[in-house]
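Have a look at start22.txt below; it lists compact mmCIF, C-alpha atoms.
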# COMPACT_ATOMS: atom_id res chain seq x y z
CA MET A 1 141.58 129.66 48.56
CA LYS A 2 142.03 128.71 44.93
CA ARG A 3 139.30 130.17 42.73
CA THR A 4 138.01 127.91 39.94
CA ALA A 5 136.93 129.14 36.52
CA ALA A 6 133.32 128.34 37.40
CA SER A 7 133.41 130.34 40.65
CA THR A 8 135.08 133.26 38.88
CA LEU A 9 132.35 133.24 36.26
CA GLY A 10 129.66 133.05 38.94
CA LEU A 11 131.17 136.01 40.79
CA ALA A 12 131.32 138.05 37.59
CA VAL A 13 127.66 137.31 36.82
CA SER A 14 126.62 138.24 40.36
CA LEU A 15 128.52 141.53 40.20
CA ALA A 16 127.00 142.31 36.82
CA LEU A 17 123.51 141.72 38.15
CA LEU A 18 124.16 143.91 41.17
CA SER A 19 125.49 146.76 39.05
CA ALA A 20 122.77 146.50 36.36
CA PRO A 21 120.18 149.28 36.47
CA ILE A 22 116.78 148.25 37.83
CA ALA A 23 114.08 148.77 35.24
CA SER A 24 111.41 151.23 36.36
CA ALA A 25 108.05 149.55 36.86
CA GLU A 26 104.78 150.92 35.61
CA THR A 27 102.22 152.87 37.61
CA ILE A 28 98.55 151.86 37.49
CA TYR A 29 95.69 154.37 37.78
CA VAL A 30 92.16 153.25 38.71
CA SER A 31 89.06 155.46 38.66
CA ASN A 32 86.67 154.89 41.59
CA GLU A 33 83.12 155.78 40.63
CA LYS A 34 81.75 156.04 44.20
CA ASP A 35 84.82 157.49 45.94
CA ASN A 36 85.29 160.30 43.37
CA THR A 37 88.99 159.45 43.28
CA ILE A 38 91.83 157.91 41.32
CA THR A 39 93.83 155.20 43.09
CA VAL A 40 97.55 155.14 42.22
CA VAL A 41 99.24 151.72 42.42
CA ASP A 42 103.00 151.11 42.28
CA GLY A 43 103.49 148.38 39.66
CA SER A 44 106.69 147.00 41.20
CA LYS A 45 105.27 146.47 44.68
CA LEU A 46 101.60 146.25 43.65
CA GLU A 47 100.71 148.55 46.51
CA VAL A 48 98.57 151.69 46.69
CA VAL A 49 100.82 154.75 46.93
CA ALA A 50 98.41 157.67 46.46
CA THR A 51 94.78 158.71 46.11
CA ILE A 52 93.79 161.65 43.90
CA PRO A 53 90.42 163.44 44.36
CA VAL A 54 89.09 164.32 40.90
CA GLY A 55 85.38 165.17 41.16
CA GLU A 56 82.03 163.45 41.08
CA ARG A 57 81.73 160.00 39.50
CA PRO A 58 84.96 159.47 37.56
CA ARG A 59 84.70 156.72 34.96
CA GLY A 60 86.69 156.71 31.70
CA ILE A 61 90.41 157.46 32.04
CA LEU A 62 93.19 157.86 29.47
CA LEU A 63 96.87 158.77 29.43
CA SER A 64 98.16 161.62 27.31
CA LYS A 65 100.56 160.56 24.56
CA ASP A 66 103.56 161.95 26.43
CA GLY A 67 102.50 160.12 29.61
CA LYS A 68 102.55 163.33 31.66
CA SER A 69 98.81 163.80 32.08
CA LEU A 70 95.79 161.71 32.95
CA TYR A 71 92.43 162.55 31.38
CA VAL A 72 89.41 161.64 33.54
CA CYS A 73 85.72 161.69 32.58
CA VAL A 74 84.11 163.34 35.60
CA SER A 75 80.64 162.22 34.63
CA ASP A 76 78.43 164.06 37.13
CA GLU A 77 80.27 167.34 36.58
CA ASP A 78 80.03 167.21 32.76
CA ARG A 79 83.73 167.83 32.23
CA ILE A 80 87.13 166.16 31.88
CA ALA A 81 89.75 166.61 34.57
CA VAL A 82 93.38 166.81 33.45
CA VAL A 83 95.69 165.49 36.18
CA ASP A 84 99.39 166.39 36.21
CA LEU A 85 101.09 163.06 36.97
CA ASP A 86 104.22 164.70 38.36
CA THR A 87 102.21 166.33 41.15
CA ASN A 88 99.03 164.21 41.18
CA LYS A 89 97.04 167.46 41.09
CA ILE A 90 94.33 168.59 38.69
CA ARG A 91 95.92 171.09 36.34
CA ARG A 92 92.84 172.15 34.39
CA HIS A 93 89.48 170.99 33.03
CA LEU A 94 88.25 170.37 29.50
CA PRO A 95 84.68 170.60 28.21
CA SER A 96 83.06 167.24 27.47
CA GLY A 97 79.37 167.59 26.77
CA SER A 98 76.78 166.01 29.05
CA ASP A 99 77.56 162.93 31.17
CA PRO A 100 80.90 161.82 29.68
CA GLU A 101 81.48 158.10 30.23
CA LEU A 102 84.07 156.69 27.83
CA PHE A 103 86.34 158.53 25.41
CA ALA A 104 89.15 157.94 22.93
CA LEU A 105 92.31 159.88 22.13
CA SER A 106 93.46 160.56 18.57
CA PRO A 107 96.86 159.04 17.64
CA ASP A 108 98.43 162.50 17.48
CA GLY A 109 97.26 163.21 21.03
CA LYS A 110 95.44 166.41 20.09
CA THR A 111 91.77 165.40 20.09
CA LEU A 112 89.43 163.62 22.47
CA TYR A 113 86.26 161.92 21.25
CA VAL A 114 83.76 161.73 24.11
CA ALA A 115 80.58 159.63 24.41
CA ASN A 116 77.69 161.67 25.83
CA GLU A 117 75.18 159.09 26.98
CA ASP A 118 72.38 161.52 27.88
CA ASP A 119 72.46 163.49 24.61
CA ASN A 120 73.11 160.69 22.06
CA LEU A 121 76.18 162.56 20.85
CA VAL A 122 79.90 162.15 20.39
CA THR A 123 81.67 165.37 21.34
CA VAL A 124 84.96 166.30 19.64
CA VAL A 125 87.31 168.18 21.99
CA ASP A 126 90.42 170.15 21.02
CA ILE A 127 92.75 169.48 23.97
CA GLU A 128 95.17 172.40 23.54
CA ALA A 129 92.44 174.99 22.99
CA ALA A 130 90.11 173.37 25.55
CA GLN A 131 87.24 173.83 23.12
CA ILE A 132 84.52 171.68 21.58
CA ARG A 133 85.12 171.41 17.83
CA GLY A 134 82.09 169.33 16.89
CA GLU A 135 79.15 167.20 17.95
CA ILE A 136 78.27 164.01 16.09
CA PRO A 137 74.72 162.61 16.47
CA VAL A 138 74.81 158.83 17.02
CA GLY A 139 72.49 156.15 18.37
CA VAL A 140 70.79 156.00 21.75
CA GLU A 141 73.07 155.80 24.81
CA PRO A 142 76.53 156.00 23.21
CA GLU A 143 79.30 154.45 25.25
CA GLY A 144 82.17 152.53 23.64
CA MET A 145 84.80 154.60 21.81
CA GLY A 146 87.72 153.36 19.74
CA VAL A 147 89.96 155.18 17.27
CA SER A 148 91.73 153.30 14.47
CA PRO A 149 95.54 153.17 14.70
CA ASP A 150 95.83 155.55 11.73
CA GLY A 151 93.32 157.95 13.28
CA LYS A 152 91.01 157.98 10.24
CA PHE A 153 88.02 156.27 11.81
CA LEU A 154 86.26 156.27 15.14
CA VAL A 155 83.92 153.50 16.26
CA ASN A 156 81.21 154.37 18.76
CA THR A 157 78.82 151.82 20.27
CA SER A 158 75.28 152.79 21.18
CA GLU A 159 73.82 150.64 23.93
CA THR A 160 70.12 150.94 23.14
CA THR A 161 70.45 151.12 19.34
CA ASN A 162 72.68 148.00 19.45
CA MET A 163 75.02 149.35 16.80
CA ALA A 164 78.66 150.08 16.19
CA HIS A 165 78.90 153.36 14.27
CA PHE A 166 81.94 153.88 12.02
CA ILE A 167 82.70 157.63 11.90
CA ASP A 168 85.07 159.42 9.53
CA THR A 169 87.21 161.61 11.81
CA ALA A 170 87.87 164.16 9.05
CA SER A 171 84.24 164.78 8.08
CA HIS A 172 82.61 163.74 11.39
CA GLU A 173 80.11 161.73 9.34
CA ILE A 174 78.88 158.21 10.06
CA VAL A 175 79.99 156.03 7.16
CA ALA A 176 78.63 152.67 8.35
CA ASN A 177 76.37 151.18 11.00
CA VAL A 178 76.95 147.59 12.12
CA LEU A 179 74.18 145.85 14.05
CA VAL A 180 75.59 143.85 16.97
CA ASP A 181 74.05 142.04 19.93
CA SER A 182 72.23 143.71 22.80
CA ARG A 183 73.85 146.52 24.81
CA PRO A 184 77.27 146.98 23.18
CA ARG A 185 79.78 148.47 25.59
CA VAL A 186 83.40 148.56 24.35
CA ALA A 187 84.98 148.94 20.89
CA GLU A 188 88.60 147.75 20.72
CA TRP A 189 90.72 147.97 17.55
CA THR A 190 93.46 145.46 16.81
CA ALA A 191 96.93 147.02 16.54
CA ASP A 192 97.07 146.32 12.79
CA GLY A 193 93.79 148.19 12.26
CA GLU A 194 92.18 145.22 10.52
CA GLN A 195 89.48 144.50 13.09
CA VAL A 196 87.27 146.05 15.74
CA TRP A 197 86.04 143.86 18.60
CA VAL A 198 82.73 144.96 20.17
CA SER A 199 81.41 143.53 23.43
CA ALA A 200 77.65 143.09 23.94
CA GLU A 201 76.87 143.04 27.64
CA ILE A 202 73.32 141.67 27.54
CA GLY A 203 73.80 139.72 24.31
CA GLY A 204 76.69 137.89 25.97
CA THR A 205 78.95 137.97 22.90
CA VAL A 206 81.87 139.77 21.31
CA SER A 207 81.47 140.65 17.61
CA VAL A 208 84.65 140.72 15.53
CA ILE A 209 84.16 143.28 12.75
CA ASP A 210 86.33 143.56 9.64
CA SER A 211 87.30 147.24 9.45
CA LYS A 212 87.31 147.38 5.64
CA SER A 213 84.09 145.54 4.79
CA ARG A 214 82.46 146.61 8.09
CA GLU A 215 80.95 143.18 8.39
CA ILE A 216 80.97 140.81 11.35
CA VAL A 217 83.39 137.97 10.59
CA HIS A 218 82.96 136.09 13.85
CA LYS A 219 80.97 136.13 17.09
CA ILE A 220 82.61 134.89 20.25
CA ALA A 221 80.25 133.30 22.80
CA PHE A 222 81.03 132.27 26.37
CA GLU A 223 79.86 129.39 28.52
CA ILE A 224 81.21 128.93 32.02
CA PRO A 225 80.39 125.70 33.88
CA GLY A 226 78.39 126.45 37.02
CA VAL A 227 77.70 130.09 36.08
CA ALA A 228 74.24 131.24 34.94
CA GLN A 229 74.29 132.42 31.34
CA GLU A 230 72.64 135.74 32.20
CA ALA A 231 75.59 136.52 34.48
CA VAL A 232 78.05 136.29 31.57
CA GLN A 233 78.18 139.93 30.48
CA PRO A 234 81.17 140.93 28.30
CA VAL A 235 82.40 144.48 28.79
CA GLY A 236 86.12 145.34 28.74
CA ILE A 237 88.41 144.02 25.96
CA ARG A 238 92.17 144.10 25.56
CA ILE A 239 94.08 142.47 22.67
CA THR A 240 97.85 141.94 22.49
CA ARG A 241 99.66 143.74 19.68
CA ASP A 242 100.41 140.48 17.85
CA ARG A 243 96.72 139.51 18.20
CA LYS A 244 97.67 136.15 19.71
CA LYS A 245 95.64 136.73 22.87
CA ALA A 246 92.58 138.71 23.84
CA PHE A 247 91.26 139.22 27.36
CA ILE A 248 87.52 139.79 27.86
CA ALA A 249 85.98 140.98 31.14
CA LEU A 250 82.75 139.08 31.80
CA GLY A 251 81.09 141.29 34.42
CA PRO A 252 79.00 139.51 37.11
CA ALA A 253 80.46 136.15 36.02
CA ASN A 254 83.58 137.31 37.90
CA ARG A 255 85.77 135.87 35.15
CA VAL A 256 88.14 137.11 32.46
CA ALA A 257 88.07 135.01 29.28
CA VAL A 258 91.39 134.34 27.56
CA VAL A 259 90.72 134.10 23.83
CA ASP A 260 92.95 133.05 20.94
CA GLY A 261 92.99 136.19 18.80
CA LYS A 262 93.47 134.24 15.57
CA THR A 263 91.06 131.29 15.97
CA TYR A 264 88.65 133.03 18.41
CA GLU A 265 88.70 129.95 20.62
CA VAL A 266 88.13 130.59 24.33
CA ARG A 267 91.23 129.10 25.93
CA LYS A 268 90.52 129.66 29.60
CA TYR A 269 88.35 131.46 32.15
CA LEU A 270 90.22 133.20 34.98
CA LEU A 271 88.45 133.82 38.30
CA VAL A 272 88.94 137.45 39.37
CA GLY A 273 87.06 139.85 41.68
CA GLN A 274 83.35 140.56 41.68
CA ARG A 275 81.78 142.27 38.64
CA VAL A 276 84.91 142.67 36.56
CA TRP A 277 84.43 145.73 34.41
CA ASN A 278 87.41 147.14 32.52
CA LEU A 279 90.95 146.01 31.69
CA ALA A 280 94.40 147.41 30.91
CA LEU A 281 97.50 145.74 29.45
CA SER A 282 100.91 146.73 30.78
CA PRO A 283 103.15 148.36 28.14
CA ASP A 284 105.31 145.22 27.91
CA GLU A 285 102.13 143.08 27.72
CA LYS A 286 103.26 140.92 30.63
CA ARG A 287 100.27 141.78 32.82
CA VAL A 288 96.57 142.54 32.59
CA TYR A 289 94.97 144.66 35.30
CA THR A 290 91.22 144.41 35.95
CA THR A 291 88.76 146.65 37.81
CA ASN A 292 86.33 144.67 39.96
CA GLY A 293 83.43 146.97 40.79
CA VAL A 294 81.70 145.08 43.59
CA SER A 295 84.71 143.66 45.45
CA ASN A 296 86.49 147.05 45.24
CA ASP A 297 89.77 145.62 44.07
CA MET A 298 92.05 145.15 41.08
CA SER A 299 93.17 141.71 39.90
CA VAL A 300 96.59 141.17 38.32
CA ILE A 301 96.86 138.58 35.53
CA ASP A 302 100.11 137.09 34.28
CA VAL A 303 99.70 137.11 30.47
CA ASP A 304 102.16 134.31 29.66
CA ALA A 305 101.06 131.99 32.47
CA GLU A 306 97.38 132.92 32.01
CA ARG A 307 96.71 133.03 35.72
CA VAL A 308 95.75 135.55 38.40
CA THR A 309 98.70 136.39 40.63
CA LYS A 310 97.42 139.06 43.01
CA SER A 311 94.49 141.17 44.17
CA VAL A 312 94.99 144.80 45.21
CA GLY A 313 92.35 146.73 47.15
CA VAL A 314 91.49 150.11 45.60
CA GLY A 315 88.57 152.53 46.08
CA GLN A 316 84.81 152.00 45.97
CA LEU A 317 83.26 150.94 42.65
CA PRO A 318 86.48 150.85 40.59
CA TRP A 319 85.63 151.47 36.94
CA GLY A 320 88.47 152.47 34.59
CA VAL A 321 92.14 151.52 34.56
CA VAL A 322 95.24 152.66 32.65
CA VAL A 323 98.97 151.96 32.97
CA ARG A 324 101.80 154.49 32.77
CA PRO A 325 105.25 153.12 31.82

Turn the structure described in the file into structure tokens.
Amino acid sequence: MKRTAASTLGLAVSLALLSAPIASAETIYVSNEKDNTITVVDGSKLEVVATIPVGERPRGILLSKDGKSLYVCVSDEDRIAVVDLDTNKIRRHLPSGSDPELFALSPDGKTLYVANEDDNLVTVVDIEAAQIRGEIPVGVEPEGMGVSPDGKFLVNTSETTNMAHFIDTASHEIVANVLVDSRPRVAEWTADGEQVWVSAEIGGTVSVIDSKSREIVHKIAFEIPGVAQEAVQPVGIRITRDRKKAFIALGPANRVAVVDGKTYEVRKYLLVGQRVWNLALSPDEKRVYTTNGVSNDMSVIDVDAERVTKSVGVGQLPWGVVVRP
């Protein structure tokens, strides 16, 4: 049979595709508050591949900078579990102060800043030494924790005080207090370090704070047709590196808001599982993963298409989520 130029080209392309290496997909880790476990999800198949027992009431979770360890706030045990991700076993524990809920990791990967809700403190933990290096008094019921990209400032939100506290990480002193709406939960820095976005669960808004002036430059409000306003409770926030899109978890509204990161316009509401709580962006920013606390599942959002593509069952009361490349 005579082979045409087109068929030869097609064969060459097919062979090239077959011989090309398959890119490794990410792994997703979800903390399950009621199950006392971490669910491990294969990002290529979007299937559960492992369950890791970690202790009582795991909530906040973070990856180490080298991606080899997972830090887990084991809230009812007043400590942080360090999971070896090669073996899925707990390697050691770190001190955390009382009732750790959310925490942040310094850009150099050496320090954890932990919110201690019961004690109205932020605890500073030296990871290598496994020692507490400081305690910073903040407002009542601290929760949200976000470190600036340059590591110079930490923002903590205090739920009852309704403030975002700007803390100098060198001196451990509060340098500014910004009053936001009721029950602030999450503090998320933009990649350029110019802004901090703070969600107010009961206030129903997200405050956009200029990091230099420490003033609110915009408040994002949400209104979903057919959903009671008191059910719209912003919690988790994730912003793409170019700040073109932000994704806001709206709690019992069972929606994730897609927001234009430049104009602050709400572009779309995406229906996800029940009581969507926290979010994670994949490293390539192609997907957003959500934890849905009441429906016990994780929703997968296609970032470009702005639509939900899949739901994956996880453990009971899923809370935190991170992605490992």

Contacts of stretch 251-256 of chain A at 12 Å (all atoms listed in the file; same-chain gap of 5+ positions) as an NGL selection string: :A and (185 or 199-202 or 204 or 222-238 or 246 or 266-279 or 288-295 or 298-301 or 303 or 306-308 or 319)

Could the residues in this selection be saved with C-alpha atoms as a PDB file, in the coordinates of the input?
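Produced file part20.pdb, reproduced below:
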ATOM      1  CA  ARG A 185      79.780 148.470  25.590  1.00  0.00           C
ATOM      2  CA  SER A 199      81.410 143.530  23.430  1.00  0.00           C
ATOM      3  CA  ALA A 200      77.650 143.090  23.940  1.00  0.00           C
ATOM      4  CA  GLU A 201      76.870 143.040  27.640  1.00  0.00           C
ATOM      5  CA  ILE A 202      73.320 141.670  27.540  1.00  0.00           C
ATOM      6  CA  GLY A 204      76.690 137.890  25.970  1.00  0.00           C
ATOM      7  CA  PHE A 222      81.030 132.270  26.370  1.00  0.00           C
ATOM      8  CA  GLU A 223      79.860 129.390  28.520  1.00  0.00           C
ATOM      9  CA  ILE A 224      81.210 128.930  32.020  1.00  0.00           C
ATOM     10  CA  PRO A 225      80.390 125.700  33.880  1.00  0.00           C
ATOM     11  CA  GLY A 226      78.390 126.450  37.020  1.00  0.00           C
ATOM     12  CA  VAL A 227      77.700 130.090  36.080  1.00  0.00           C
ATOM     13  CA  ALA A 228      74.240 131.240  34.940  1.00  0.00           C
ATOM     14  CA  GLN A 229      74.290 132.420  31.340  1.00  0.00           C
ATOM     15  CA  GLU A 230      72.640 135.740  32.200  1.00  0.00           C
ATOM     16  CA  ALA A 231      75.590 136.520  34.480  1.00  0.00           C
ATOM     17  CA  VAL A 232      78.050 136.290  31.570  1.00  0.00           C
ATOM     18  CA  GLN A 233      78.180 139.930  30.480  1.00  0.00           C
ATOM     19  CA  PRO A 234      81.170 140.930  28.300  1.00  0.00           C
ATOM     20  CA  VAL A 235      82.400 144.480  28.790  1.00  0.00           C
ATOM     21  CA  GLY A 236      86.120 145.340  28.740  1.00  0.00           C
ATOM     22  CA  ILE A 237      88.410 144.020  25.960  1.00  0.00           C
ATOM     23  CA  ARG A 238      92.170 144.100  25.560  1.00  0.00           C
ATOM     24  CA  ALA A 246      92.580 138.710  23.840  1.00  0.00           C
ATOM     25  CA  VAL A 266      88.130 130.590  24.330  1.00  0.00           C
ATOM     26  CA  ARG A 267      91.230 129.100  25.930  1.00  0.00           C
ATOM     27  CA  LYS A 268      90.520 129.660  29.600  1.00  0.00           C
ATOM     28  CA  TYR A 269      88.350 131.460  32.150  1.00  0.00           C
ATOM     29  CA  LEU A 270      90.220 133.200  34.980  1.00  0.00           C
ATOM     30  CA  LEU A 271      88.450 133.820  38.300  1.00  0.00           C
ATOM     31  CA  VAL A 272      88.940 137.450  39.370  1.00  0.00           C
ATOM     32  CA  GLY A 273      87.060 139.850  41.680  1.00  0.00           C
ATOM     33  CA  GLN A 274      83.350 140.560  41.680  1.00  0.00           C
ATOM     34  CA  ARG A 275      81.780 142.270  38.640  1.00  0.00           C
ATOM     35  CA  VAL A 276      84.910 142.670  36.560  1.00  0.00           C
ATOM     36  CA  TRP A 277      84.430 145.730  34.410  1.00  0.00           C
ATOM     37  CA  ASN A 278      87.410 147.140  32.520  1.00  0.00           C
ATOM     38  CA  LEU A 279      90.950 146.010  31.690  1.00  0.00           C
ATOM     39  CA  VAL A 288      96.570 142.540  32.590  1.00  0.00           C
ATOM     40  CA  TYR A 289      94.970 144.660  35.300  1.00  0.00           C
ATOM     41  CA  THR A 290      91.220 144.410  35.950  1.00  0.00           C
ATOM     42  CA  THR A 291      88.760 146.650  37.810  1.00  0.00           C
ATOM     43  CA  ASN A 292      86.330 144.670  39.960  1.00  0.00           C
ATOM     44  CA  GLY A 293      83.430 146.970  40.790  1.00  0.00           C
ATOM     45  CA  VAL A 294      81.700 145.080  43.590  1.00  0.00           C
ATOM     46  CA  SER A 295      84.710 143.660  45.450  1.00  0.00           C
ATOM     47  CA  MET A 298      92.050 145.150  41.080  1.00  0.00           C
ATOM     48  CA  SER A 299      93.170 141.710  39.900  1.00  0.00           C
ATOM     49  CA  VAL A 300      96.590 141.170  38.320  1.00  0.00           C
ATOM     50  CA  ILE A 301      96.860 138.580  35.530  1.00  0.00           C
ATOM     51  CA  VAL A 303      99.700 137.110  30.470  1.00  0.00           C
ATOM     52  CA  GLU A 306      97.380 132.920  32.010  1.00  0.00           C
ATOM     53  CA  ARG A 307      96.710 133.030  35.720  1.00  0.00           C
ATOM     54  CA  VAL A 308      95.750 135.550  38.400  1.00  0.00           C
ATOM     55  CA  TRP A 319      85.630 151.470  36.940  1.00  0.00           C
TER      56      TRP A 319
END

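Interatomic distance, atom CA of A:Leu70 against atom CA of A:Asp192: 25.4 Å.
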
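Straight-line separation from atom CA of A:Lys34 to atom CA of A:Leu62: 18.7 Å.
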
Would you give me, as a tab-separated table, each residue of stretch 136-198 of chain A having an atom within 7 Å of an atom of stretch 120-125 of chain A, along with its shortest atom pair and that distance in Å to one decimal, using all atoms listed in the file and sorting by chain and residue number?
residue	atom	partner	partner_atom	distance
A:Ile136	CA	A:Val122	CA	5.0
A:Pro137	CA	A:Leu121	CA	4.6
A:Val138	CA	A:Leu121	CA	5.5
A:Gly139	CA	A:Asn120	CA	5.9
A:Val140	CA	A:Asn120	CA	5.2
A:Glu141	CA	A:Asn120	CA	5.6
A:Pro142	CA	A:Asn120	CA	5.9

As an exercise, work out the distance from atom CA of A:Val72 to atom CA of A:Glu117 in Å and give it to one decimal place. 15.9 Å

Which one is closest to A:Val258: A:Gln316, A:Thr240, A:Gln195, A:Asn88? Count all atoms listed in the file. A:Thr240

Mind checking which residues fall within 6 Å of stretch 205-211 of chain A, counting all atoms listed in the file, ignoring those fewer than 3 positions away in the same chain, and posting them as a PyMOL selection string? chain A and resi 194-200+214-221

Contacts of A:Gly151 at 12 Å or less, counting all atoms listed in the file, minus same-chain residues fewer than 5 places along, as a list in words? Ala104, Leu105, Ser106, Pro107, Asp108, Gly109, Lys110, Thr111, Leu112, Tyr113, Gly146, Ile167, Asp168, Thr169, Ala170, Trp189, Ala191 and Gly193 of chain A

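Comparing A:His165, A:Phe153, A:Val147, A:Arg79 by their smallest distance to A:Ala130, the closest is A:Arg79 (using all atoms listed in the file).
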
Which one of A:Leu63, A:Ala187, A:Ile132, A:Ile174 sits closest to A:Thr157 if you count only C-alpha atoms? A:Ala187
